[in-house]
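Colleague: Just dropping this structure here.
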Amino acid sequence: MTGIDDPRFRRAVRRLEVPQMGTEVVAPLLGQLVGLLRPRHVLEVGMGYTTPFLAAALARLRQRVGPESAGLARKSRPYLAGGAELDEDWLHADPPLLDPAFYLRPYDPRLVAVDNLSIAGSSAAQVCQLLDELGLADLVTVVNADLRDSIGQLPPGFTPIDFAWVDAWECLYFFDHFWELIDPAGGVVVMHYLMTYPEGEAILDYFRKVQRANPGELEVISLLEPHKLTQNSLTMLRRTAAGPRPAHALPGGRLRYGEPLRTAAAAQADTQT
Ligand SMILES: C[S@@+](CC[C@H](N)C(=O)[O-])C[C@H]1O[C@@H](n2cnc3c(N)ncnc32)[C@H](O)[C@@H]1O
C-alpha cells in the first residue's frame with residue numbers, strides 16, 4: 001500500500017494533515033514531482049503531511065525501477081548480440097522510451113527528514129509512527145535537529161541532493177548553506193510560501209540577484225495559489241551549474257542511435273546479468 005493516489009493511503013495520511021500548514025495540494029504535488037524527477041537523495045526540512053507523500057513516491061519508484069531495468073536489458077540484448085543498430089522499434093518496444101544511462105546505477109532512494117519539533121501545531125511528531133504503519137520507515141532517516149545543526153547529521157553518501165523540500169521558515173539559511181550540496185546537474189529545491197509577504201519577497205529578490213550574478217547557475221519559478229491569503233505559494237529552484245546534460249536527440253525529435261547510446265545500452269544490459 002504505497003501509491004500516493006491509493007484511497008487507503010489518502011485515508012491513512014489524513015491524520016497528519018494540519019489545514020493551517022497549507023500543504024493539502026502541495027503534498028500530492030511533491031509526490032508527483034518525485035515520480036517525475038526520480039531523485040535518489042531527497043531532503044525534507046519541516047516534516048508533517050508532506051513526509052509520507054515523499055516517502056511513498058520513492059517507495060513506488062523503488063518497486064518500478066528493477067522491472068523496468070530488466071525489461072530494457074531484455075529488449076536491447078538482441079540488438080547488441082546481433083550487432084544491429086538500435087532503432088525506432090527498439091525505442092518503442094516495451095518498456096518504451098527508456099534511457100539506459102538512468103539504469104546504470106541501482107535505484108536505492110533515501111529520504112532524510114529534518115525537524116526540530118519546535119512548532120506545537122505541527123504533525124511532525126506523529127510522522128514516524130505513520131511511516132512505520134505504512135511500511136515506509138526503511139527508506140527514511142529522521143533527523144530531529146535544527147536545520148542549522150543538521151548538515152553534519154546527514155547520512156554518509158547522501159550528497160549530492162537531487163530534491164529538497166523546505167517548509168520551515170529557513171529558506172534563506174538553506175540557500176546559503178545547502179545550495180552547494182544540491183546536484184549541479186539539475187537538482188531541484190522546492191520552497192514553501194515565499195510570495196505575498198515582505199521577508200519572502202526579499203528572499204525571492206536575493207535569488208534573482210544571485211541568478212544575475214551567476215549566469216547558468218539556477219532557474220527559478222514561483223507558483224501562487226490565488227485562492228489563499230497565506231501559505232499560498234511554491235518556489236522551485238533548479239541548479240543548472242553543470243550545464244545541459246548530453247542528449248541523444250537530433251533536430252525534429254529524432255534520436256541518434258549510434259554511439260554513445262549503444263555503449264550505454266550495452267553497459268545497462270550488463271547490469272542485468
Ligand atoms: C510548516 S511546518 C511543516 C509542515 C509540513 N511540511 C506539513 O506538510 O504538514 C514546519 C515544521 O518545521 C519545523 N521547524 C521549524 N523551524 C525549524 C528549524 N530551524 N529546523 C528544523 N525544523 C524546523 C517545525 O517543527 C515544524 O514541524
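Numbering starts fresh at 1 for the residues of each chain in the C-alpha cells, the chains themselves are lettered A, B, ... in the order given, and ligands are numbered from 1 as they appear.
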Please provide as an MDAnalysis selection string all residues within 10 Å of A:Tyr49, with the sequence filter that same-chain residues fewer than 3 positions apart are discarded (counting only C-alpha atoms).
Modeller: chainID A and resid 13:19 21:24 26:28 46 52:54 122:124 126:127
Colleague: Excluding A:Arg245 and any residue of its chain fewer than 6 positions from it, enumerate the residues within 12 Å of it, using only C-alpha atoms, and give them as an MDAnalysis selection string.
Modeller: chainID A and resid 101 184:186
Colleague: Quick one: DSSP strand (DSSP E or B) residues in stretch 36-219 of chain A, as an MDAnalysis selection string?
Modeller: chainID A and resid 41:45 110:114 140:143 161 163:166 182 188:192 218:219
Colleague: Please provide the set of residues having any atom within 10 Å of A:Asp270, restricted to only C-alpha atoms, with same-chain residues fewer than 4 positions apart removed, written as a ChimeraX atom specification.
Modeller: /A:73,77,104,264-266
Colleague: If you run DSSP on the backbone here, which positions in stretch 113-227 of chain A get alpha helix (DSSP H)? Please write them as a ChimeraX atom specification.
Modeller: /A:127-133,171-178,198-213
Colleague: Check the smallest atom-to-atom distance from each of A:Gln32, A:Ser222, A:Ser69, A:Thr230 to ligand 1 using only C-alpha atoms and all ligand atoms, then report the winner.
Modeller: A:Thr230
Colleague: Which one is closest to ligand 1: A:Val210, A:Leu43, A:Leu223, A:Ala247? Count only C-alpha atoms and all ligand atoms.
Modeller: A:Leu43
Colleague: Give me the residues near A:Gly187 as a ChimeraX atom specification, where near means some atom within 12 Å (using only C-alpha atoms) and where sequence neighbours in that chain fewer than 4 positions away do not count.
Modeller: /A:34,37-43,159-165,178-183,217-219,236-243
Colleague: Considering only C-alpha atoms and all ligand atoms, state which residue in the set A:Ala70, A:Leu86, A:Leu97, A:Ile119 is at the smallest distance from ligand 1.
Modeller: A:Ile119
Colleague: Determine the nearest neighbour of A:Arg62 from the options A:Ala213, A:Leu136, A:Leu255, A:Leu234, counting only C-alpha atoms.
Modeller: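 Residue with the minimum atom-to-atom distance to A:Arg62: A:Leu136.
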Colleague: For a quick check of understanding, using only C-alpha atoms and all ligand atoms, which of A:Asp87, A:Asp205, A:Asp115, A:Asp138 has the smallest distance to ligand 1?
Modeller: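 Going through A:Asp87, A:Asp205, A:Asp115, A:Asp138 one by one, the smallest distance to ligand 1 is for A:Asp115.
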Colleague: Which is closer to A:Ala137 than all the others in A:Thr273, A:Thr51, A:Ser233, A:Gln268, using only C-alpha atoms?
Modeller: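 Among the listed residues, the smallest separation from A:Ala137 belongs to A:Thr51.
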Colleague: Do a neighbour search on A:Gln63 at 12 Å with only C-alpha atoms, toss out local chain neighbours closer than 2 positions, and write the hits as a PyMOL selection string.
Modeller: chain A and resi 1-3+35+56-61+65-69+106-109
Colleague: Output the selection as a PDB file, in the first residue's frame - C-alpha atoms for each residue.
Modeller:
```
ATOM      1  CA  MET A   1       0.000   0.000   0.000  1.00  0.00           C
ATOM      2  CA  THR A   2       2.380   2.679  -1.217  1.00  0.00           C
ATOM      3  CA  GLY A   3       0.755   4.545  -4.111  1.00  0.00           C
ATOM      4  CA  GLY A  35       7.728  10.412  -9.626  1.00  0.00           C
ATOM      5  CA  ALA A  56       5.553   6.685  -0.684  1.00  0.00           C
ATOM      6  CA  ALA A  57       6.520   8.164  -4.043  1.00  0.00           C
ATOM      7  CA  LEU A  58      10.108   6.952  -3.537  1.00  0.00           C
ATOM      8  CA  ALA A  59       8.894   3.511  -2.436  1.00  0.00           C
ATOM      9  CA  ARG A  60       6.749   3.213  -5.576  1.00  0.00           C
ATOM     10  CA  LEU A  61       9.734   4.152  -7.761  1.00  0.00           C
ATOM     11  CA  VAL A  65      12.902   0.584 -11.461  1.00  0.00           C
ATOM     12  CA  GLY A  66      14.014  -3.080 -11.163  1.00  0.00           C
ATOM     13  CA  PRO A  67      11.406  -4.451 -13.613  1.00  0.00           C
ATOM     14  CA  GLU A  68      11.978  -1.503 -15.955  1.00  0.00           C
ATOM     15  CA  SER A  69      15.714  -2.183 -15.980  1.00  0.00           C
ATOM     16  CA  PRO A 106      20.973   0.875  -8.708  1.00  0.00           C
ATOM     17  CA  TYR A 107      17.942   2.890  -7.605  1.00  0.00           C
ATOM     18  CA  ASP A 108      18.101   2.839  -3.812  1.00  0.00           C
ATOM     19  CA  PRO A 109      16.488   6.147  -2.801  1.00  0.00           C
TER      20      PRO A 109
END
```
Colleague: Would you mind listing what lies within 8 Å of A:Leu72 as a list in words, with only C-alpha atoms counted and same-chain residues fewer than 4 positions away left out?
Modeller: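 Neighbouring residues, sequence-local ones excluded: Glu68, Ser76, Asp94, Pro95, Leu98, Pro100 and Ala269 of chain A.
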Colleague: Would you write out those residues with N, CA and C atoms, as an mmCIF file, in the first residue's frame?
Modeller:
```cif
data_model
loop_
_atom_site.group_PDB
_atom_site.id
_atom_site.type_symbol
_atom_site.label_atom_id
_atom_site.label_comp_id
_atom_site.auth_asym_id
_atom_site.auth_seq_id
_atom_site.Cartn_x
_atom_site.Cartn_y
_atom_site.Cartn_z
ATOM 1 N N GLU A 68 11.688 -2.316 -14.765
ATOM 2 C CA GLU A 68 11.978 -1.503 -15.955
ATOM 3 C C GLU A 68 13.362 -1.834 -16.493
ATOM 4 N N SER A 76 17.120 -4.795 -25.376
ATOM 5 C CA SER A 76 18.385 -4.369 -26.007
ATOM 6 C C SER A 76 19.226 -5.560 -26.466
ATOM 7 N N ASP A 94 8.355 -2.399 -25.612
ATOM 8 C CA ASP A 94 8.097 -2.356 -24.175
ATOM 9 C C ASP A 94 9.361 -2.745 -23.376
ATOM 10 N N PRO A 95 9.802 -2.004 -22.398
ATOM 11 C CA PRO A 95 9.268 -0.745 -21.882
ATOM 12 C C PRO A 95 9.777 0.440 -22.728
ATOM 13 N N LEU A 98 12.878 4.348 -22.654
ATOM 14 C CA LEU A 98 13.795 4.433 -21.508
ATOM 15 C C LEU A 98 15.225 4.752 -21.943
ATOM 16 N N PRO A 100 19.009 4.182 -21.218
ATOM 17 C CA PRO A 100 19.858 3.222 -20.482
ATOM 18 C C PRO A 100 20.705 3.895 -19.410
ATOM 19 N N ALA A 269 22.678 -3.352 -20.050
ATOM 20 C CA ALA A 269 22.325 -4.778 -20.159
ATOM 21 C C ALA A 269 23.253 -5.612 -19.266
#
```
